[in-house]
$ cat target39.txt   # compact mmCIF, C-alpha atoms and all ligand atoms
# COMPACT_ATOMS: atom_id res chain seq x y z
CA MET A 1 -19.57 -16.73 -14.94
CA LYS A 2 -17.06 -17.33 -17.76
CA LEU A 3 -13.90 -15.24 -17.80
CA ASP A 4 -13.11 -15.95 -21.45
CA TYR A 5 -12.47 -12.33 -22.38
CA LEU A 6 -10.07 -11.27 -19.63
CA LEU A 7 -6.42 -12.25 -19.49
CA ASP A 8 -6.02 -15.00 -16.96
CA LEU A 9 -3.37 -13.24 -14.85
CA TYR A 10 -5.05 -12.94 -11.47
CA LEU A 11 -5.96 -15.35 -8.73
CA ASN A 12 -9.55 -16.36 -9.40
CA ARG A 13 -11.53 -16.17 -6.15
CA GLY A 14 -14.58 -17.73 -7.80
CA LEU A 15 -16.82 -14.92 -6.61
CA GLU A 16 -18.95 -12.47 -8.52
CA ILE A 17 -19.19 -9.29 -6.45
CA ILE A 18 -21.68 -6.66 -7.48
CA LYS A 19 -22.05 -4.20 -4.65
CA GLY A 20 -20.49 -2.86 -1.48
CA GLU A 21 -21.72 -1.11 1.63
CA GLY A 22 -19.60 -0.08 4.61
CA CYS A 23 -17.26 -2.96 5.43
CA TYR A 24 -19.24 -5.46 3.38
CA LEU A 25 -19.24 -6.73 -0.19
CA TYR A 26 -22.23 -8.52 -1.72
CA ASP A 27 -22.32 -11.23 -4.37
CA GLN A 28 -24.99 -11.68 -7.05
CA ASN A 29 -27.01 -13.94 -4.73
CA GLY A 30 -27.17 -11.31 -2.01
CA ASN A 31 -24.56 -13.02 0.20
CA LYS A 32 -22.76 -10.55 2.44
CA TYR A 33 -18.99 -10.80 2.92
CA LEU A 34 -17.01 -9.11 5.69
CA ASP A 35 -14.18 -7.38 3.84
CA MET A 36 -10.91 -7.80 5.74
CA MET A 37 -8.81 -6.77 2.72
CA SER A 38 -10.36 -3.53 1.36
CA ASN A 39 -9.45 -4.34 -2.25
CA TYR A 40 -5.80 -4.92 -1.42
CA GLY A 41 -5.74 -1.84 0.78
CA ALA A 42 -7.48 0.59 -1.58
CA ASN A 43 -10.95 1.06 -0.06
CA ILE A 44 -9.72 2.40 3.25
CA LEU A 45 -13.10 3.95 4.10
CA GLY A 46 -15.13 1.03 2.78
CA TYR A 47 -17.91 1.20 0.21
CA ARG A 48 -20.83 3.49 -0.58
CA ASN A 49 -19.42 6.17 1.68
CA ASN A 50 -22.04 8.94 1.56
CA ILE A 51 -19.63 11.82 2.04
CA LEU A 52 -17.16 10.63 -0.57
CA ASN A 53 -19.84 9.63 -3.07
CA LYS A 54 -21.45 13.06 -2.85
CA ILE A 55 -18.11 14.75 -3.51
CA ALA A 56 -17.33 12.41 -6.43
CA ASN A 57 -20.78 12.93 -7.96
CA LYS A 58 -20.46 16.71 -7.69
CA GLN A 59 -17.09 16.59 -9.39
CA ILE A 60 -18.44 14.31 -12.16
CA ASP A 61 -21.10 16.95 -12.77
CA GLU A 62 -18.57 19.79 -12.89
CA LEU A 63 -15.49 18.39 -14.62
CA ILE A 64 -14.23 14.81 -14.71
CA ASN A 65 -10.74 15.26 -16.03
CA LEU A 66 -8.30 18.06 -16.72
CA HIS A 67 -4.88 17.74 -18.28
CA ASN A 68 -2.06 18.91 -16.05
CA SER A 69 -1.17 21.67 -18.50
CA PHE A 70 -4.18 23.46 -16.90
CA ILE A 71 -4.54 24.50 -13.29
CA ASN A 72 -7.36 23.31 -11.08
CA PRO A 73 -7.88 24.52 -7.49
CA ILE A 74 -8.88 21.10 -6.14
CA ARG A 75 -5.78 19.38 -7.48
CA ASN A 76 -3.67 22.25 -6.22
CA GLU A 77 -5.17 22.15 -2.75
CA LEU A 78 -4.73 18.38 -2.59
CA ALA A 79 -1.05 18.73 -3.44
CA GLN A 80 -0.63 21.38 -0.75
CA LYS A 81 -2.43 19.24 1.88
CA LEU A 82 -0.47 16.08 1.03
CA LEU A 83 2.85 17.90 1.25
CA ALA A 84 1.84 19.19 4.69
CA LYS A 85 0.68 15.74 5.86
CA CYS A 86 3.91 14.17 4.62
CA ASN A 87 5.91 17.00 6.17
CA ILE A 88 7.88 17.55 2.98
CA GLU A 89 8.99 20.78 1.43
CA GLY A 90 8.81 19.93 -2.22
CA LYS A 91 6.46 19.12 -5.08
CA ILE A 92 4.02 16.42 -6.18
CA LEU A 93 3.33 14.62 -9.41
CA PHE A 94 -0.02 12.85 -9.59
CA LEU A 95 -0.25 9.58 -11.52
CA ASN A 96 -2.75 6.73 -11.64
CA SER A 97 -1.34 3.59 -10.03
CA GLY A 98 1.28 2.49 -7.56
CA ALA A 99 3.59 0.94 -10.12
CA GLU A 100 3.51 4.14 -12.17
CA ALA A 101 4.48 6.18 -9.12
CA ILE A 102 7.41 3.84 -8.44
CA ASP A 103 8.57 4.04 -12.07
CA ALA A 104 8.56 7.83 -11.93
CA ALA A 105 10.28 7.85 -8.52
CA LEU A 106 13.09 5.64 -9.82
CA LYS A 107 13.50 7.85 -12.89
CA PHE A 108 13.65 11.02 -10.79
CA ALA A 109 16.04 9.49 -8.27
CA LEU A 110 18.46 8.14 -10.88
CA TYR A 111 18.37 11.38 -12.84
CA PHE A 112 19.01 13.48 -9.75
CA SER A 113 21.72 11.29 -8.24
CA LYS A 114 23.62 10.97 -11.54
CA LYS A 115 24.52 7.48 -10.34
CA THR A 116 23.42 4.13 -11.71
CA LYS A 117 23.08 1.66 -8.85
CA ILE A 118 19.91 0.85 -6.96
CA ILE A 119 19.49 -1.07 -3.72
CA ALA A 120 16.13 -2.70 -2.98
CA MET A 121 15.10 -5.19 -0.32
CA LYS A 122 14.60 -8.94 -0.44
CA ASN A 123 10.85 -9.77 -0.39
CA SER A 124 9.98 -6.28 -1.61
CA TYR A 125 6.92 -5.54 -3.74
CA HIS A 126 6.78 -2.30 -5.71
CA GLY A 127 4.64 -3.24 -8.73
CA LYS A 128 4.84 -5.03 -12.05
CA THR A 129 5.66 -2.50 -14.78
CA LEU A 130 9.21 -2.96 -16.06
CA GLY A 131 10.70 -0.27 -13.78
CA SER A 132 8.81 -1.23 -10.64
CA LEU A 133 9.28 -4.94 -11.37
CA SER A 134 13.04 -4.38 -11.39
CA VAL A 135 12.90 -3.41 -7.70
CA THR A 136 10.33 -6.11 -6.84
CA TYR A 137 12.08 -9.15 -5.37
CA ASN A 138 9.92 -12.18 -6.11
CA SER A 139 11.43 -14.07 -9.04
CA LYS A 140 8.09 -15.68 -9.94
CA TYR A 141 6.93 -12.28 -11.23
CA LYS A 142 10.01 -11.91 -13.47
CA THR A 143 10.24 -15.17 -15.38
CA ASN A 144 12.30 -14.72 -18.57
CA LEU A 145 12.66 -10.98 -17.97
CA ASN A 146 15.80 -10.77 -15.81
CA ASP A 147 18.04 -9.77 -18.70
CA ILE A 148 16.00 -6.72 -19.62
CA LEU A 149 15.12 -5.42 -16.16
CA ILE A 150 17.22 -2.72 -14.45
CA LYS A 151 20.01 -4.34 -12.44
CA VAL A 152 19.34 -4.02 -8.72
CA ASP A 153 21.10 -5.31 -5.57
CA PHE A 154 18.62 -6.94 -3.19
CA ILE A 155 19.66 -7.02 0.45
CA ASP A 156 18.14 -8.47 3.63
CA TYR A 157 15.21 -6.39 4.88
CA GLY A 158 16.06 -4.86 8.25
CA ASN A 159 19.74 -5.90 8.35
CA PHE A 160 21.59 -2.63 8.76
CA ASP A 161 25.06 -4.20 8.86
CA GLU A 162 24.49 -5.87 5.52
CA LEU A 163 23.26 -2.57 4.10
CA LEU A 164 26.44 -0.82 5.29
CA SER A 165 28.58 -3.38 3.49
CA TYR A 166 26.81 -2.50 0.20
CA ILE A 167 27.29 1.26 0.39
CA ASN A 168 29.73 2.65 -2.18
CA GLN A 169 30.09 5.66 -4.49
CA GLN A 170 27.94 4.13 -7.23
CA ILE A 171 24.83 3.63 -5.11
CA GLY A 172 22.38 6.35 -6.16
CA VAL A 173 19.06 5.06 -4.86
CA ILE A 174 17.64 2.97 -2.03
CA ILE A 175 13.98 1.97 -2.13
CA ILE A 176 12.11 0.47 0.80
CA GLU A 177 8.62 -0.24 2.18
CA PRO A 178 8.26 0.72 5.89
CA ILE A 179 6.38 -2.58 6.33
CA GLN A 180 6.53 -5.16 3.55
CA GLY A 181 3.00 -6.00 2.39
CA ASP A 182 3.05 -8.58 -0.38
CA GLY A 183 6.33 -9.92 1.03
CA GLY A 184 4.61 -11.17 4.18
CA ILE A 185 3.83 -8.23 6.54
CA ASN A 186 7.48 -7.92 7.57
CA LEU A 187 8.37 -5.18 10.04
CA LEU A 188 11.69 -3.37 10.39
CA PRO A 189 13.60 -3.25 13.69
CA THR A 190 12.84 -0.04 15.60
CA GLY A 191 15.24 2.72 14.55
CA TYR A 192 16.18 1.12 11.21
CA LEU A 193 14.43 3.70 9.01
CA GLU A 194 15.95 6.55 11.01
CA GLN A 195 19.45 5.08 10.60
CA LEU A 196 18.79 4.46 6.92
CA SER A 197 17.63 8.03 6.42
CA LYS A 198 20.82 9.40 8.04
CA LEU A 199 23.00 7.03 6.02
CA CYS A 200 21.37 8.19 2.77
CA GLN A 201 21.84 11.85 3.65
CA LYS A 202 25.51 11.29 4.54
CA ASN A 203 26.24 9.41 1.31
CA LYS A 204 24.04 11.50 -1.02
CA ILE A 205 21.84 8.52 -1.80
CA VAL A 206 18.23 9.22 -2.80
CA LEU A 207 15.91 7.44 -0.36
CA ILE A 208 12.55 6.39 -1.85
CA ILE A 209 9.98 5.30 0.70
CA ASP A 210 7.17 3.27 -0.84
CA GLU A 211 4.12 4.13 1.28
CA ILE A 212 1.67 2.83 -1.31
CA GLN A 213 0.28 0.19 1.04
CA THR A 214 1.41 1.57 4.41
CA GLY A 215 0.49 5.23 3.86
CA LEU A 216 -2.79 7.14 4.21
CA GLY A 217 -3.23 6.09 7.83
CA ARG A 218 -2.95 2.31 7.47
CA THR A 219 -0.65 1.94 10.51
CA GLY A 220 -2.16 4.74 12.60
CA LYS A 221 0.07 7.56 11.31
CA PHE A 222 -0.47 9.34 8.01
CA LEU A 223 2.74 7.65 6.81
CA ALA A 224 4.15 4.51 8.42
CA SER A 225 7.61 6.08 8.19
CA GLN A 226 6.37 8.83 10.54
CA TRP A 227 6.68 6.45 13.49
CA GLU A 228 10.35 7.51 13.37
CA GLU A 229 12.37 10.63 12.53
CA VAL A 230 12.83 9.99 8.85
CA SER A 231 13.58 12.39 6.04
CA PRO A 232 12.84 10.62 2.76
CA ASP A 233 13.77 12.27 -0.53
CA ILE A 234 10.84 10.72 -2.36
CA ILE A 235 7.57 9.25 -1.08
CA CYS A 236 5.18 7.22 -3.22
CA LEU A 237 1.49 7.05 -2.35
CA GLY A 238 -1.28 5.07 -4.02
CA LYS A 239 -3.96 2.52 -3.12
CA GLY A 240 -6.08 4.19 -0.39
CA ILE A 241 -5.36 7.76 -1.46
CA ALA A 242 -8.76 8.15 -3.19
CA ASN A 243 -10.67 5.22 -1.65
CA GLY A 244 -10.74 3.17 -4.84
CA PHE A 245 -10.50 5.85 -7.52
CA PRO A 246 -7.24 5.39 -9.45
CA LEU A 247 -4.74 7.92 -8.16
CA SER A 248 -1.13 7.84 -7.03
CA ALA A 249 1.41 10.46 -6.08
CA VAL A 250 5.16 10.91 -6.21
CA ILE A 251 6.29 13.44 -3.64
CA VAL A 252 9.81 14.79 -4.09
CA LYS A 253 11.93 17.15 -2.04
CA GLU A 254 12.49 20.63 -3.44
CA GLU A 255 16.08 19.93 -4.45
CA ILE A 256 15.00 17.03 -6.69
CA ALA A 257 11.93 18.91 -7.94
CA LYS A 258 14.12 21.76 -9.16
CA SER A 259 16.47 19.43 -11.02
CA LEU A 260 13.84 17.76 -13.24
CA PRO A 261 13.63 18.95 -16.85
CA LYS A 262 10.24 19.97 -18.26
CA PHE A 263 8.27 17.13 -19.92
CA PHE A 264 10.50 14.56 -18.18
CA HIS A 265 7.42 12.68 -16.94
CA THR A 266 3.73 13.34 -17.74
CA SER A 267 0.44 11.46 -17.75
CA THR A 268 -2.88 12.13 -19.50
CA PHE A 269 -5.04 10.94 -16.63
CA GLY A 270 -2.66 11.65 -13.73
CA GLY A 271 -4.44 13.69 -11.08
CA ASN A 272 -7.92 12.98 -12.40
CA LEU A 273 -10.25 15.49 -10.76
CA VAL A 274 -12.85 13.04 -9.44
CA ALA A 275 -10.08 11.08 -7.73
CA CYS A 276 -8.46 14.31 -6.49
CA SER A 277 -11.69 15.66 -5.03
CA VAL A 278 -12.21 12.43 -3.07
CA ALA A 279 -8.54 12.37 -2.00
CA LEU A 280 -8.81 15.92 -0.73
CA LYS A 281 -11.66 14.93 1.58
CA ILE A 282 -9.73 11.87 2.74
CA THR A 283 -6.74 14.00 3.77
CA GLU A 284 -9.14 16.07 5.89
CA LEU A 285 -10.82 13.02 7.44
CA LEU A 286 -7.51 11.44 8.43
CA ASN A 287 -6.96 13.71 11.43
CA ASP A 288 -5.07 12.69 14.58
CA ASP A 289 -8.19 11.44 16.30
CA PHE A 290 -9.09 9.16 13.38
CA LEU A 291 -5.50 7.94 13.05
CA ASN A 292 -5.43 7.04 16.76
CA LYS A 293 -8.62 5.02 16.31
CA ILE A 294 -7.01 3.04 13.48
CA LYS A 295 -4.10 2.18 15.78
CA GLU A 296 -6.46 1.25 18.63
CA LYS A 297 -8.54 -1.03 16.40
CA GLY A 298 -5.37 -2.63 15.06
CA ASP A 299 -4.01 -3.18 18.57
CA TYR A 300 -7.30 -4.78 19.57
CA LEU A 301 -7.33 -7.09 16.54
CA ILE A 302 -3.70 -8.13 17.15
CA LYS A 303 -4.43 -8.73 20.85
CA ARG A 304 -7.45 -10.91 20.04
CA LEU A 305 -5.46 -12.87 17.46
CA LYS A 306 -2.61 -13.43 19.92
CA GLU A 307 -5.07 -14.89 22.44
CA ILE A 308 -5.87 -17.74 20.06
CA ASN A 309 -4.20 -20.96 20.98
CA SER A 310 -3.65 -23.15 17.93
CA PRO A 311 -0.73 -25.24 16.63
CA LEU A 312 -1.45 -23.76 13.19
CA LEU A 313 -0.51 -20.23 14.24
CA LYS A 314 3.19 -19.31 14.01
CA ASP A 315 3.21 -15.54 14.41
CA ILE A 316 0.90 -12.55 14.56
CA ARG A 317 2.48 -9.24 13.53
CA GLY A 318 1.67 -5.84 12.13
CA LYS A 319 0.92 -2.25 12.96
CA GLY A 320 -2.44 -0.50 12.97
CA LEU A 321 -4.76 -2.23 10.53
CA MET A 322 -1.96 -3.88 8.52
CA ILE A 323 -1.72 -7.31 10.06
CA GLY A 324 -0.19 -10.65 9.13
CA ILE A 325 -1.15 -14.03 10.53
CA GLU A 326 1.70 -16.43 9.79
CA VAL A 327 0.57 -20.05 9.80
CA ASN A 328 2.65 -23.22 9.84
CA ASN A 329 0.71 -24.62 6.88
CA LYS A 330 -2.75 -24.73 5.22
CA ARG A 331 -2.69 -20.98 4.41
CA THR A 332 -4.60 -21.36 1.12
CA GLU A 333 -7.14 -23.68 2.73
CA ILE A 334 -7.76 -21.23 5.58
CA ILE A 335 -8.31 -18.29 3.19
CA LYS A 336 -10.70 -20.46 1.15
CA LYS A 337 -12.61 -21.62 4.22
CA LEU A 338 -12.86 -18.05 5.49
CA GLN A 339 -14.36 -17.08 2.14
CA GLU A 340 -16.87 -19.95 2.43
CA ASN A 341 -17.72 -18.39 5.80
CA PHE A 342 -18.24 -15.01 4.09
CA ILE A 343 -14.98 -13.40 5.20
CA LEU A 344 -12.46 -12.06 2.67
CA THR A 345 -8.73 -12.07 3.40
CA ILE A 346 -5.65 -12.16 1.14
CA PRO A 347 -2.33 -13.97 1.12
CA ALA A 348 1.13 -12.44 1.57
CA GLY A 349 4.60 -14.01 1.52
CA ASP A 350 4.78 -17.80 1.68
CA ASN A 351 2.60 -18.52 4.67
CA VAL A 352 0.86 -15.37 5.76
CA ILE A 353 -2.81 -14.38 5.79
CA ARG A 354 -2.91 -10.63 5.28
CA LEU A 355 -5.55 -8.43 6.93
CA LEU A 356 -6.10 -4.91 5.55
CA PRO A 357 -9.64 -4.10 6.70
CA PRO A 358 -11.28 -0.75 5.97
CA TYR A 359 -10.58 1.74 8.79
CA ILE A 360 -14.30 1.99 9.52
CA ILE A 361 -14.43 -1.61 10.76
CA SER A 362 -16.25 -1.87 14.11
CA LEU A 363 -15.01 -3.74 17.19
CA LYS A 364 -18.11 -5.93 16.77
CA ASP A 365 -16.96 -6.91 13.28
CA ILE A 366 -13.46 -7.60 14.61
CA ASP A 367 -14.94 -9.89 17.29
CA TYR A 368 -17.05 -11.59 14.62
CA PHE A 369 -13.95 -12.14 12.48
CA ILE A 370 -12.07 -13.64 15.46
CA GLU A 371 -14.90 -16.10 16.23
CA LYS A 372 -15.12 -17.22 12.58
CA PHE A 373 -11.34 -17.43 12.26
CA LYS A 374 -11.14 -19.64 15.36
CA GLU A 375 -13.84 -21.91 13.97
CA VAL A 376 -12.08 -22.18 10.60
CA ILE A 377 -8.63 -23.02 11.99
CA LYS A 378 -10.16 -25.62 14.29
CA ASN A 379 -11.75 -27.37 11.32
CA VAL A 380 -9.14 -27.22 8.54
C1 LIG A 401 4.08 -1.37 -1.50
C2 LIG A 401 3.50 -1.40 -2.87
N1 LIG A 401 4.08 -0.70 -3.85
C3 LIG A 401 3.59 -0.69 -5.09
C4 LIG A 401 2.45 -1.40 -5.44
C5 LIG A 401 1.92 -1.38 -6.84
O1 LIG A 401 0.72 -0.70 -6.87
P1 LIG A 401 -0.31 -0.91 -8.11
O2 LIG A 401 -0.86 -2.29 -7.98
O3 LIG A 401 -1.33 0.17 -7.90
O4 LIG A 401 0.49 -0.73 -9.35
C6 LIG A 401 1.81 -2.14 -4.44
C7 LIG A 401 0.63 -2.94 -4.76
O5 LIG A 401 0.27 -3.88 -4.11
C8 LIG A 401 2.35 -2.15 -3.14
O6 LIG A 401 1.78 -2.85 -2.15
$ encode --input "target39.txt" --output "structure tokens"
Amino acid sequence: MKLDYLLDLYLNRGLEIIKGEGCYLYDQNGNKYLDMMSNYGANILGYRNNILNKIANKQIDELINLHNSFINPIRNELAQKLLAKCNIEGKILFLNSGAEAIDAALKFALYFSKKTKIIAMKNSYHGKTLGSLSVTYNSKYKTNLNDILIKVDFIDYGNFDELLSYINQQIGVIIIEPIQGDGGINLLPTGYLEQLSKLCQKNKIVLIIDEIQTGLGRTGKFLASQWEEVSPDIICLGKGIANGFPLSAVIVKEEIAKSLPKFFHTSTFGGNLVACSVALKITELLNDDFLNKIKEKGDYLIKRLKEINSPLLKDIRGKGLMIGIEVNNKRTEIIKKLQENFILTIPAGDNVIRLLPPYIISLKDIDYFIEKFKEVIKNV
């Protein structure tokens, strides 16, 4: 199929996908693909989910959208549930995409802190709008734009001593992903987030935790930052929050919420009711039992990957169902061959194959993936 009408800005996978069911996507010829990427982490409960589809259809029938100058009980309840799940006393602003949530978070944090300097991490990914791009590390996304982006200091991810050397009176904001996704599935040393959180509190620095990819159960906790005692000032959610409906959220502590002037940030579609109704159900479904299962499945997948003996494999890392397979070379070829074998994965960093399967993946599908993956790496 020709793509003459769409801007050529994405990787072209050469696939025409027309339908999804459970953990599978189907092309126009009826070929069935095992989805190990859930639309870059968005379709956390897979496709054609009966419960969610029923809720969405009911909401379409009742009211699709409602501007935030009106109250709606579903949106209200969702906000209440998310605040409880995130363990934050504060308020929520609903938006539509991850990058938008990051833009708003940066605005709120800078406004509140009354300071001008931002620290972000090397290899970070926070989106591609001008604000979020400023705190995204990869220079290939910023060609010719450096002069107009917000000035940011990028420091080594996970190096607390380096962070300490950057702290001064002008630093108003620190933004971090609990696990870097696009940057290569990079994990922080245990205790880092807790130390960071204390440091921010001591120095009156606003800590933004970007849970857009790691949140909503991806690592086996509602938020990945909940593996430690962390007290973020702002949390951003997106991607899986409404299983594919566009929705994101900026969650701010009460102190920041109170400081923001009216009309400071608004959005016509933010908190769309179809997305909110689905998100509300998702917050209910992600109970402790379900979250534990995500962790167990992730542990099993990591264990099976670690059992593979191949000179191509450099490292296997991750938490829950957010997993990176670092290879010595041939990353693109492996992803392509997996696709030819009807398995969809995505790249991350320079040499990493990223796995973000839907949480409903079965152990049988994990075993199937492992067998196919072994076959592919033997033959590339
Ligand atoms: C951690 C993180 N933050 C922000 C974003 C941007 O989200 P969106 O693509 O919805 O703008 C992404 C997207 O991949 C992400 O992984």
$ residues_around --input "target39.txt" --residues "Asp288 of chain A" --least-positions-apart "2" --cutoff "9 Å" --atoms "all atoms listed in the file" --output "PyMOL selection string"
chain A and resi 220-222+286+290-293
$ closest_atom_pairs --input "target39.txt" --of "segment 47-85 of chain A" --to "segment 5-21 of chain A" --cutoff "10 Å" --atoms "all atoms listed in the file" --output "CSV"
residue,atom,partner,partner_atom,distance
A:Tyr47,CA,A:Glu21,CA,4.7
A:Arg48,CA,A:Glu21,CA,5.2
A:Asn49,CA,A:Glu21,CA,7.6
$ residues_near_ligand --input "target39.txt" --ligand "ligand LIG 401 (chain A)" --cutoff "6 Å" --atoms "all atoms listed in the file" --output "MDAnalysis selection string"
chainID A and resid 97:99 125:127 177 181 210 212:213 239
$ closest_residue --input "target39.txt" --among "A:Asn186, A:Ser38, A:Asn203, A:Ser362" --to "Glu326 of chain A" --atoms "all atoms listed in the file"
A:Asn186
$ closest_residue --input "target39.txt" --among "A:Ser248, A:Glu211, A:Gly22, A:Leu34" --to "Gln339 of chain A" --atoms "all atoms listed in the file"
A:Leu34
$ closest_residue --input "target39.txt" --among "A:Trp227, A:Phe269, A:Phe342, A:Phe373" --to "Phe94 of chain A" --atoms "all atoms listed in the file"
A:Phe269
$ atom_distance --input "target39.txt" --atom1 "atom CA of Ala105 of chain A" --atom2 "atom CA of Asp161 of chain A"
25.8 Å
$ closest_residue --input "target39.txt" --among "A:Ile361, A:Leu344, A:Ile150, A:Leu301" --to "Lys107 of chain A" --atoms "only C-alpha atoms"
A:Ile150
$ residues_around --input "target39.txt" --residues "segment 151-156 of chain A" --least-positions-apart "5" --cutoff "12 Å" --atoms "only C-alpha atoms" --output "MDAnalysis selection string"
chainID A and resid 106 116:125 130:139 145:146 161:167 170:176 186 188
$ closest_residue --input "target39.txt" --among "A:Lys140, A:Lys306, A:Lys198, A:Lys128" --to "Ala101 of chain A" --atoms "all atoms listed in the file"
A:Lys128
$ atom_distance --input "target39.txt" --atom1 "atom CA of Gly158 of chain A" --atom2 "atom CA of Leu187 of chain A"
7.9 Å
$ residues_around --input "target39.txt" --residues "segment 319-322 of chain A" --least-positions-apart "2" --cutoff "9 Å" --atoms "all atoms listed in the file" --output "PyMOL selection string"
chain A and resi 41+179+181+185+187+213-214+217-221+224+291-299+301-302+317+324+354-359
$ atom_distance --input "target39.txt" --atom1 "atom CA of Leu280 of chain A" --atom2 "atom CA of Leu78 of chain A"
5.1 Å
$ closest_residue --input "target39.txt" --among "A:Asp365, A:Asp350, A:Asp315, A:Glu333" --to "Ile377 of chain A" --atoms "only C-alpha atoms"
A:Glu333
$ residues_around --input "target39.txt" --residues "Lys281 of chain A" --least-positions-apart "3" --cutoff "9 Å" --atoms "all atoms listed in the file" --output "list in words"
Ile51, Leu52, Ile55, Leu78, Ala242, Cys276, Ser277, Val278, Glu284, Leu285 and Leu286 of chain A
$ write_last_selection --input "target39.txt" --atoms "C-alpha atoms" --output "short mmCIF file (atom, residue, chain, number, x, y, z; two decimals), keeping the file's coordinate frame"
data_model
loop_
_atom_site.label_atom_id
_atom_site.label_comp_id
_atom_site.auth_asym_id
_atom_site.auth_seq_id
_atom_site.Cartn_x
_atom_site.Cartn_y
_atom_site.Cartn_z
CA ILE A 51 -19.63 11.82 2.04
CA LEU A 52 -17.16 10.63 -0.57
CA ILE A 55 -18.11 14.75 -3.51
CA LEU A 78 -4.73 18.38 -2.59
CA ALA A 242 -8.76 8.15 -3.19
CA CYS A 276 -8.46 14.31 -6.49
CA SER A 277 -11.69 15.66 -5.03
CA VAL A 278 -12.21 12.43 -3.07
CA GLU A 284 -9.14 16.07 5.89
CA LEU A 285 -10.82 13.02 7.44
CA LEU A 286 -7.51 11.44 8.43
#
$ residues_around --input "target39.txt" --residues "segment 87-93 of chain A" --least-positions-apart "3" --cutoff "10 Å" --atoms "all atoms listed in the file" --output "PyMOL selection string"
chain A and resi 68+76+78-84+101+104-105+223+226+231-236+248-258+265-267+270-271
$ residues_near_point --input "target39.txt" --point "(15.4, -3.2, 10.3)" --cutoff "8 Å" --atoms "all atoms listed in the file" --output "PyMOL selection string"
chain A and resi 157-160+187-193
